[in-house]
Every structure is written in C-alpha cells, then in structure tokens.
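In what follows, a single structure is set out as structure tokens and then discussed.
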Amino acid sequence: LLYIAVSLVLTGIVPYDQLGVKNPVAFALSYINQDWVAGFISLGAITGITTVLLVMLYSQTRLFYAISRDGLLPKVFSKVSERKKVPLINTWLVGSFAAFFAGVLPLNKLAELTNIGTLFAFMTVSIGVLILRKTQPNLKRAFKVPMVPLIPLLAVAFCGYLVLQLPATTWLSFAAWLFIGIVIYFLYGRKNSTLNDIENVEKKVG
C-alpha cells in the first residue's frame, strides 16, 4: 500500500512516461525544483541499499547454516568459528560469490535474478501456507496468517504477475539455478535430512 501511495504521488508530480529512471523519487523532486530534498532522498536511497545488501549477505550465510544443520547441505556449512561465533566458511563463500557476480554481470541482470528468486520464494511460501493450513491445522505456529486463503492467493497472483514481466533470459538463468538446487537436494539433501531420523524414531516408538 505504501509503494502504491508513493507511485500515485509521483504520477501526480511528473507525467508517468518520464518516470522510467533509476531514481524516480529524487527525479520527481528535482522536477519541481526541490533539489535539496532530492539530495537527501538520494543519500537515504544509498544508505538504504547498503543496509539491504548487508542484510541479504548476512541472511544468506545464516540460511546456508540452517539448511546444513537440517542435513540438506554438507555439515561444513553449519560449522561456526570458535572465536567469532559466526559461520565463517559461509561468510567467505557468499562474499566471494557476490563480489564475483557483481564484477562480471550487469547490474540490471543481477537485479532481475534477485527479483525472480525473491518473488518465487514469496509464491512458494504463500502456497505452503495454504497447504499446511489444510494438512496440518493443529501445527504450533509462532505467527498465523490472517484472512486465509485470500491473502496467500493475492500474494501468488501479484507476485506471479511481476514474475511474468521479467525477460526470458532471466527465466532461463533462474531455471538453471533451480535445476542445480534440485539436483543437490535429490543427490544429497533428501537422504541426509534430519527429518529422516525423526521419522525413523517415530516408527520405532509407534
């Protein structure tokens, strides 16, 4: 709703056909001769992008840690540095990959790949909410999504629409990454998952 409100304000300031720029908010303010405000907006955008990038890098290292802890990746990814108490190997790996791809790929291609991955994750989680609400209604939840199935269905619809706007090359790249992930899962993760141990214990107890 906030993004929609900002878009409405921007199209009220500047003709919509002129907003196809990288900094639409700052551009709109410059358009009405508010250059000093536009400078603050640009500074805030740089700061915001920096914090988002740091959070994404940190979260990716912890994601590898959690997946490895659950047995879906080799145990080396869930090792924590004794001195710094962080997943050191993951940090070096994620940082190296991020630096490499930032150096060899155009920014717009990186943004498109990030977008399709994030949108696909949102869609998967939304579908998972619908499935789990039916298959495991009594599962203990830290947070319960309201207005089910409306909100998950809207999330799938809107995210799906945005995904369909991305170019074919982005889809092919995403399909390649997805295929690699599926191969890793079936060759390693499925047989090493800690869920197998839980299921075996439940069978023995039963």
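Identifiers in the structure tokens: chain A, B, ... in order shown; residue index from 1 per chain; ligand index from 1 in order shown.
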Where does range 75-118 of chain A meet range 167-172 of chain A within 10 Å, residue by residue, with the nearest atom pair and distance in Å to one decimal for each, counting only C-alpha atoms, listed by chain and rising number, as JSON lines?
```
{"residue": "A:Lys109", "atom": "CA", "partner": "A:Thr170", "partner_atom": "CA", "distance": 7.4}
{"residue": "A:Leu110", "atom": "CA", "partner": "A:Thr170", "partner_atom": "CA", "distance": 9.2}
{"residue": "A:Ala111", "atom": "CA", "partner": "A:Thr170", "partner_atom": "CA", "distance": 9.8}
{"residue": "A:Glu112", "atom": "CA", "partner": "A:Thr170", "partner_atom": "CA", "distance": 6.5}
{"residue": "A:Leu113", "atom": "CA", "partner": "A:Thr170", "partner_atom": "CA", "distance": 6.0}
{"residue": "A:Thr114", "atom": "CA", "partner": "A:Thr170", "partner_atom": "CA", "distance": 9.6}
{"residue": "A:Asn115", "atom": "CA", "partner": "A:Thr170", "partner_atom": "CA", "distance": 9.5}
{"residue": "A:Ile116", "atom": "CA", "partner": "A:Thr170", "partner_atom": "CA", "distance": 7.6}
{"residue": "A:Gly117", "atom": "CA", "partner": "A:Trp171", "partner_atom": "CA", "distance": 9.9}
```
Problem set entry | Contacts of range 176-193 of chain A at 6 Å (only C-alpha atoms; same-chain gap of 2+ positions) as a PyMOL selection string | chain A and resi 70-73+173-174+195-196
Writing out the chosen residues with N, CA and C atoms as a short mmCIF file (atom, residue, chain, number, x, y, z; two decimals), in the first residue's frame:
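That gives us result20.cif:
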```
data_model
loop_
_atom_site.label_atom_id
_atom_site.label_comp_id
_atom_site.auth_asym_id
_atom_site.auth_seq_id
_atom_site.Cartn_x
_atom_site.Cartn_y
_atom_site.Cartn_z
N ASP A 70 20.04 -28.80 9.13
CA ASP A 70 18.93 -29.72 8.89
C ASP A 70 19.32 -30.90 8.01
N GLY A 71 20.60 -30.95 7.61
CA GLY A 71 21.09 -32.10 6.85
C GLY A 71 20.95 -31.99 5.35
N LEU A 72 20.45 -30.86 4.85
CA LEU A 72 20.22 -30.73 3.41
C LEU A 72 21.46 -30.26 2.65
N LEU A 73 22.46 -29.78 3.37
CA LEU A 73 23.75 -29.44 2.80
C LEU A 73 24.84 -30.06 3.66
N SER A 173 18.03 -18.35 -16.68
CA SER A 173 19.04 -18.36 -15.61
C SER A 173 18.46 -18.91 -14.32
N PHE A 174 17.23 -18.50 -14.01
CA PHE A 174 16.58 -18.99 -12.80
C PHE A 174 16.33 -20.49 -12.90
N LEU A 195 15.08 -34.90 9.04
CA LEU A 195 13.70 -35.38 9.12
C LEU A 195 13.63 -36.90 9.02
N ASN A 196 14.59 -37.51 8.32
CA ASN A 196 14.63 -38.97 8.22
C ASN A 196 14.83 -39.59 9.59
#
```
Per residue of range 88-128 of chain A within 12 Å of range 136-157 of chain A, note the shortest atom pair and the distance in Å to one decimal, counting only C-alpha atoms, and order the rows by chain and increasing residue number, as CSV.
```
residue,atom,partner,partner_atom,distance
A:Leu119,CA,A:Val156,CA,8.8
A:Phe120,CA,A:Val156,CA,8.9
A:Ala121,CA,A:Val156,CA,10.2
A:Phe122,CA,A:Ala155,CA,7.4
A:Met123,CA,A:Val156,CA,4.9
A:Thr124,CA,A:Val156,CA,8.2
A:Val125,CA,A:Pro152,CA,8.5
A:Ser126,CA,A:Pro152,CA,4.7
A:Ile127,CA,A:Pro152,CA,6.7
A:Gly128,CA,A:Pro152,CA,9.0
```
Exercise. Quick one: of A:Trp92, A:Thr194, A:Phe101, A:Thr50, who's nearest to Ala66 in chain A, counting only C-alpha atoms?
Worked result: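 Result for the nearest residue to Ala66 in chain A: A:Thr194.
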Exercise. Closest to Asn90 in chain A among A:Ser59, A:Asn23, A:Asn108, A:Thr118, using only C-alpha atoms?
Worked result: A:Ser59
Problem set entry | Which of range 107-174 of chain A DSSP labels helix (DSSP H, G or I), written as a PyMOL selection string | chain A and resi 107-135+150-164+168-174
Exercise. Just how far from CA of Val25 in chain A is CA of Gly48 in chain A, in Å to one decimal?
Worked result: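 We find that CA of Gly48 in chain A and CA of Val25 in chain A lie 13.9 Å from each other.
Here CA of Lys134 in chain A is placed at a distance of 27.7 Å from CA of Arg69 in chain A.
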Exercise. Pick the closest to Pro87 in chain A from A:Val129, A:Ser68, A:Ser30, A:Asp17: which is it, counting only C-alpha atoms?
Worked result: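 Closest to Pro87 in chain A of all the choices is A:Ser68.
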Exercise. Which residue out of A:Ile41, A:Val76, A:Val94, A:Ile32 has the minimum interatomic distance to Met56 in chain A when only C-alpha atoms are used?
Worked result: A:Val94
